[in-house]
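For reference, the structure is listed below as structure tokens.
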Amino acid sequence: MAYKPKNEPFPLPKELYPDDWFRRLEAGEVFPERPDAFTEVDLGCGDGTFLIEMAKHYPERNFLGVERLLGRVRKVCRNARKGELSNVQALRLETTYAVEWLLPRGFADRVHLLFPDPWPRKKHHKRRLMCQTAFLKSVHGLLKPGGEFWFKTDHEEYFDVAGESLEGIDFFERLQWLEDEFYPVTDFEKLWQAEGRKIQGIRLRRA
């Protein structure tokens with residue numbers, strides 16, 4: 001029997017819940033009422049602080065948050081309903097599966113990966129998403145031609161090795177970060193800034 005959260009329907013309003021989790025979705029299935037709108041995907045969106053602020057600021061755009069933890073997805077859905085945001089969907093799923101197997105090809109105008117786990121221990125470095133060619137190729141496939149992939153981290157060593165891993169890749173073009181564009185500060189970013197950590201970003205465009 002599927003788990004039904006107390007006082008919440010299942011699936012939750014604003015939650016993207018495919019009928020078949022083993023079939024790649026078509027673009028029109030994610031935002032059927034706005035299939036042609038500029039679309040952004042936030043991978044590992046957490047409780048949706050960034051996602052919700054972006055959706056409020058850009059009501060003409062679509063925003064899909066991908067997050068594996070139920071409590072966080074519920075919060076995204078509640079805040080989207082509370083803000084009467086018709087341009088938000090949340091998908092409860094692990095990031096790599098969503099990108100590699102479920103989400104449509106050529107679907108997103110922009111993909112965000114903000115403060116992912118840096119896996120600081122050497123034996124775990126292979127888990128770093130920005131250092132996995134297969135993951136980067138999947139993000140490339142998720143993007144529309146000319147679409148962009150934005151990554152931010154507070155971990156200097158991860159930032160450095162991510163940059164190094166991109167040097168041998170020809171399917172992304174590295175661009176200068178847009179400092180003057182509206183870009184909400186995540187809860188993690190506020191925490192790291194308070195601790196004096198250096199925040200760095202990489203902006204890529206599908207070649």
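Lettering and numbering for the structure tokens are positional, with chains as A, B, ... in the shown order, residues counted from 1 in each chain, and ligands counted from 1 in the shown order.
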Quick one: which segment 79-154 of chain A residues come within 8 Å of segment 31-49 of chain A, and what is the nearest atom pair for each with the distance in Å to one decimal, counting only C-alpha atoms, rows ordered by chain and ascending number, as a Markdown table?
| residue | atom | partner | partner_atom | distance |
| --- | --- | --- | --- | --- |
| A:Thr95 | CA | A:Leu43 | CA | 6.2 |
| A:Phe107 | CA | A:Thr39 | CA | 7.4 |
| A:Ala108 | CA | A:Thr39 | CA | 5.1 |
| A:Asp109 | CA | A:Thr39 | CA | 5.3 |
| A:Arg110 | CA | A:Glu40 | CA | 4.7 |
| A:Val111 | CA | A:Val41 | CA | 4.7 |
| A:His112 | CA | A:Asp42 | CA | 4.8 |
| A:Leu113 | CA | A:Leu43 | CA | 5.3 |
| A:Leu114 | CA | A:Leu43 | CA | 7.5 |
| A:Pro116 | CA | A:Gly44 | CA | 7.3 |
For this session: Just the strand (DSSP E) stuff from segment 105-147 of chain A, please, per backbone DSSP, written as a VMD selection string.
Result: chain A and resid 108 to 114 143 to 147
Any chance you could export the current selection's N, CA, C and O atoms as a PDB file, in the first residue's frame?
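Output (again.pdb):
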ATOM      1  N   ALA A 108      14.658  21.555 -20.670  1.00  0.00           N
ATOM      2  CA  ALA A 108      14.934  22.692 -19.780  1.00  0.00           C
ATOM      3  C   ALA A 108      15.743  23.780 -20.472  1.00  0.00           C
ATOM      4  O   ALA A 108      16.658  23.520 -21.244  1.00  0.00           O
ATOM      5  N   ASP A 109      15.393  25.013 -20.141  1.00  0.00           N
ATOM      6  CA  ASP A 109      16.193  26.159 -20.577  1.00  0.00           C
ATOM      7  C   ASP A 109      17.349  26.410 -19.612  1.00  0.00           C
ATOM      8  O   ASP A 109      18.378  26.950 -20.013  1.00  0.00           O
ATOM      9  N   ARG A 110      17.158  26.007 -18.358  1.00  0.00           N
ATOM     10  CA  ARG A 110      18.211  26.216 -17.362  1.00  0.00           C
ATOM     11  C   ARG A 110      18.083  25.142 -16.279  1.00  0.00           C
ATOM     12  O   ARG A 110      16.980  24.824 -15.843  1.00  0.00           O
ATOM     13  N   VAL A 111      19.225  24.606 -15.873  1.00  0.00           N
ATOM     14  CA  VAL A 111      19.289  23.610 -14.801  1.00  0.00           C
ATOM     15  C   VAL A 111      20.205  24.149 -13.710  1.00  0.00           C
ATOM     16  O   VAL A 111      21.270  24.710 -13.999  1.00  0.00           O
ATOM     17  N   HIS A 112      19.783  23.990 -12.446  1.00  0.00           N
ATOM     18  CA  HIS A 112      20.563  24.466 -11.302  1.00  0.00           C
ATOM     19  C   HIS A 112      20.978  23.286 -10.438  1.00  0.00           C
ATOM     20  O   HIS A 112      20.170  22.385 -10.158  1.00  0.00           O
ATOM     21  N   LEU A 113      22.232  23.292 -10.000  1.00  0.00           N
ATOM     22  CA  LEU A 113      22.732  22.334  -9.018  1.00  0.00           C
ATOM     23  C   LEU A 113      23.444  23.152  -7.944  1.00  0.00           C
ATOM     24  O   LEU A 113      24.586  23.571  -8.127  1.00  0.00           O
ATOM     25  N   LEU A 114      22.741  23.405  -6.844  1.00  0.00           N
ATOM     26  CA  LEU A 114      23.215  24.351  -5.844  1.00  0.00           C
ATOM     27  C   LEU A 114      23.637  23.637  -4.562  1.00  0.00           C
ATOM     28  O   LEU A 114      22.835  22.967  -3.921  1.00  0.00           O
ATOM     29  N   LEU A 143      18.886  19.665 -21.394  1.00  0.00           N
ATOM     30  CA  LEU A 143      18.787  21.061 -21.805  1.00  0.00           C
ATOM     31  C   LEU A 143      18.354  21.217 -23.263  1.00  0.00           C
ATOM     32  O   LEU A 143      18.688  20.397 -24.124  1.00  0.00           O
ATOM     33  N   LYS A 144      17.683  22.315 -23.528  1.00  0.00           N
ATOM     34  CA  LYS A 144      17.397  22.714 -24.902  1.00  0.00           C
ATOM     35  C   LYS A 144      18.695  23.231 -25.531  1.00  0.00           C
ATOM     36  O   LYS A 144      19.631  23.600 -24.816  1.00  0.00           O
ATOM     37  N   PRO A 145      18.778  23.280 -26.853  1.00  0.00           N
ATOM     38  CA  PRO A 145      19.958  23.880 -27.477  1.00  0.00           C
ATOM     39  C   PRO A 145      20.171  25.307 -26.961  1.00  0.00           C
ATOM     40  O   PRO A 145      19.243  26.111 -26.928  1.00  0.00           O
ATOM     41  N   GLY A 146      21.384  25.583 -26.492  1.00  0.00           N
ATOM     42  CA  GLY A 146      21.668  26.895 -25.923  1.00  0.00           C
ATOM     43  C   GLY A 146      21.285  27.025 -24.464  1.00  0.00           C
ATOM     44  O   GLY A 146      21.516  28.071 -23.857  1.00  0.00           O
ATOM     45  N   GLY A 147      20.712  25.965 -23.880  1.00  0.00           N
ATOM     46  CA  GLY A 147      20.334  26.000 -22.471  1.00  0.00           C
ATOM     47  C   GLY A 147      21.554  26.031 -21.563  1.00  0.00           C
ATOM     48  O   GLY A 147      22.667  25.696 -21.982  1.00  0.00           O
TER      49      GLY A 147
END
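Atom CA of Leu204 of chain A lies 27.4 Å from atom CA of Arg72 of chain A.
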Test item: residues at most 12 Å from segment 191-196 of chain A, only C-alpha atoms, excluding those fewer than 5 positions along its chain, as a tab-separated table (two decimals) with N, CA and C atoms, in the first residue's frame:
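What ended up in selection26.tsv:
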chain	number	residue	atom	x	y	z
A	115	PHE	N	24.89	23.76	-4.23
A	115	PHE	CA	25.46	23.23	-2.98
A	115	PHE	C	25.18	21.73	-2.80
A	152	LYS	N	26.75	25.87	-8.00
A	152	LYS	CA	27.37	26.66	-6.94
A	152	LYS	C	27.81	25.75	-5.79
A	153	THR	N	28.91	26.13	-5.15
A	153	THR	CA	29.41	25.36	-4.02
A	153	THR	C	30.19	26.26	-3.08
A	154	ASP	N	30.26	25.84	-1.82
A	154	ASP	CA	31.08	26.54	-0.83
A	154	ASP	C	32.39	25.79	-0.60
A	155	HIS	N	32.55	24.66	-1.27
A	155	HIS	CA	33.69	23.78	-1.05
A	155	HIS	C	34.75	24.07	-2.13
A	185	VAL	N	19.31	33.63	-2.51
A	185	VAL	CA	20.28	32.95	-1.66
A	185	VAL	C	19.59	31.77	-0.97
A	186	THR	N	20.16	30.58	-1.10
A	186	THR	CA	19.57	29.40	-0.47
A	186	THR	C	19.86	29.41	1.03
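When only C-alpha atoms are used to compute distances to Cys131 of chain A, the closest of the residues A:Asp187, A:Glu15, A:Glu167, A:Glu173 turns out to be A:Glu167.
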Residue contacts of Cys77 of chain A (7 Å, only C-alpha atoms) excluding same-chain residues fewer than 4 positions away, as a PDB file with N, CA and C atoms, in the first residue's frame:
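Done, and the output landed in out_25.pdb:
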ATOM      1  N   LEU A  12       0.768  14.620  -3.631  1.00  0.00           N
ATOM      2  CA  LEU A  12       0.472  15.946  -3.122  1.00  0.00           C
ATOM      3  C   LEU A  12       0.140  16.905  -4.259  1.00  0.00           C
ATOM      4  N   PRO A  13      -0.766  17.865  -4.035  1.00  0.00           N
ATOM      5  CA  PRO A  13      -0.970  18.901  -5.039  1.00  0.00           C
ATOM      6  C   PRO A  13       0.356  19.589  -5.337  1.00  0.00           C
ATOM      7  N   LYS A  14       0.625  19.846  -6.577  1.00  0.00           N
ATOM      8  CA  LYS A  14       1.864  20.446  -7.069  1.00  0.00           C
ATOM      9  C   LYS A  14       2.987  19.426  -7.190  1.00  0.00           C
ATOM     10  N   GLU A  15       2.711  18.150  -6.912  1.00  0.00           N
ATOM     11  CA  GLU A  15       3.734  17.120  -7.057  1.00  0.00           C
ATOM     12  C   GLU A  15       3.579  16.418  -8.396  1.00  0.00           C
ATOM     13  N   VAL A  73       9.785  17.761  -0.044  1.00  0.00           N
ATOM     14  CA  VAL A  73       8.842  17.876  -1.161  1.00  0.00           C
ATOM     15  C   VAL A  73       7.501  18.397  -0.664  1.00  0.00           C
ATOM     16  N   ARG A  81       1.414  26.104  -3.019  1.00  0.00           N
ATOM     17  CA  ARG A  81      -0.032  26.314  -2.902  1.00  0.00           C
ATOM     18  C   ARG A  81      -0.330  27.588  -2.140  1.00  0.00           C
ATOM     19  N   ALA A  90       6.951  19.787  -8.104  1.00  0.00           N
ATOM     20  CA  ALA A  90       8.002  19.121  -7.347  1.00  0.00           C
ATOM     21  C   ALA A  90       7.994  17.636  -7.704  1.00  0.00           C
TER      22      ALA A  90
END
For this session: Determine, counting only C-alpha atoms, which protein, DNA and RNA residues have an atom within 9 Å of an atom of Gln176 of chain A; residues of the same chain fewer than 3 positions away are not included. Present the result as a PyMOL selection string.
Result: chain A and resi 179+202-204
Problem set entry | Pairwise distance for atom CA of Val139 of chain A and atom CA of Gly106 of chain A, rounded to one decimal in Å |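 Atom-to-atom, atom CA of Val139 of chain A and atom CA of Gly106 of chain A are spaced 9.5 Å apart.
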Exercise. Neighbours of Glu26 of chain A within 8 Å (only C-alpha atoms; same-chain residues fewer than 3 positions away dropped), as number ranges by chain?
Worked result: A: 29-30, 103-104
Please produce a file of those selected residues containing N, CA, C and O atoms, as a compact mmCIF listing (two decimals), in the first residue's frame.
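To be explicit, this is the file written out as result_37.txt:
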# COMPACT_ATOMS: atom_id res chain seq x y z
N GLU A 29 4.10 16.59 -20.57
CA GLU A 29 3.54 15.92 -19.40
C GLU A 29 3.93 16.61 -18.09
O GLU A 29 3.28 16.40 -17.07
N VAL A 30 4.99 17.39 -18.11
CA VAL A 30 5.47 18.02 -16.88
C VAL A 30 4.70 19.30 -16.59
O VAL A 30 4.22 19.52 -15.47
N LEU A 103 13.31 12.46 -16.86
CA LEU A 103 12.93 13.77 -17.41
C LEU A 103 13.14 13.84 -18.92
O LEU A 103 14.03 13.18 -19.45
N PRO A 104 12.33 14.63 -19.59
CA PRO A 104 12.38 14.68 -21.05
C PRO A 104 13.71 15.22 -21.58
O PRO A 104 14.37 16.04 -20.93
For this session: Run DSSP on the backbone and grab whatever in chain A lands in helix (DSSP H, G or I); send it over as number ranges by chain.
Result: A: 27-30, 49-57, 70-82, 95-102, 122-127, 129-131, 133-142, 156-166, 187-194
For this session: Using only C-alpha atoms, find the one residue out of A:Trp21, A:Pro59, A:Asp117, A:Lys122 that sits nearest to Phe188 of chain A.
Result: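 Closest to Phe188 of chain A of all the choices is A:Asp117.
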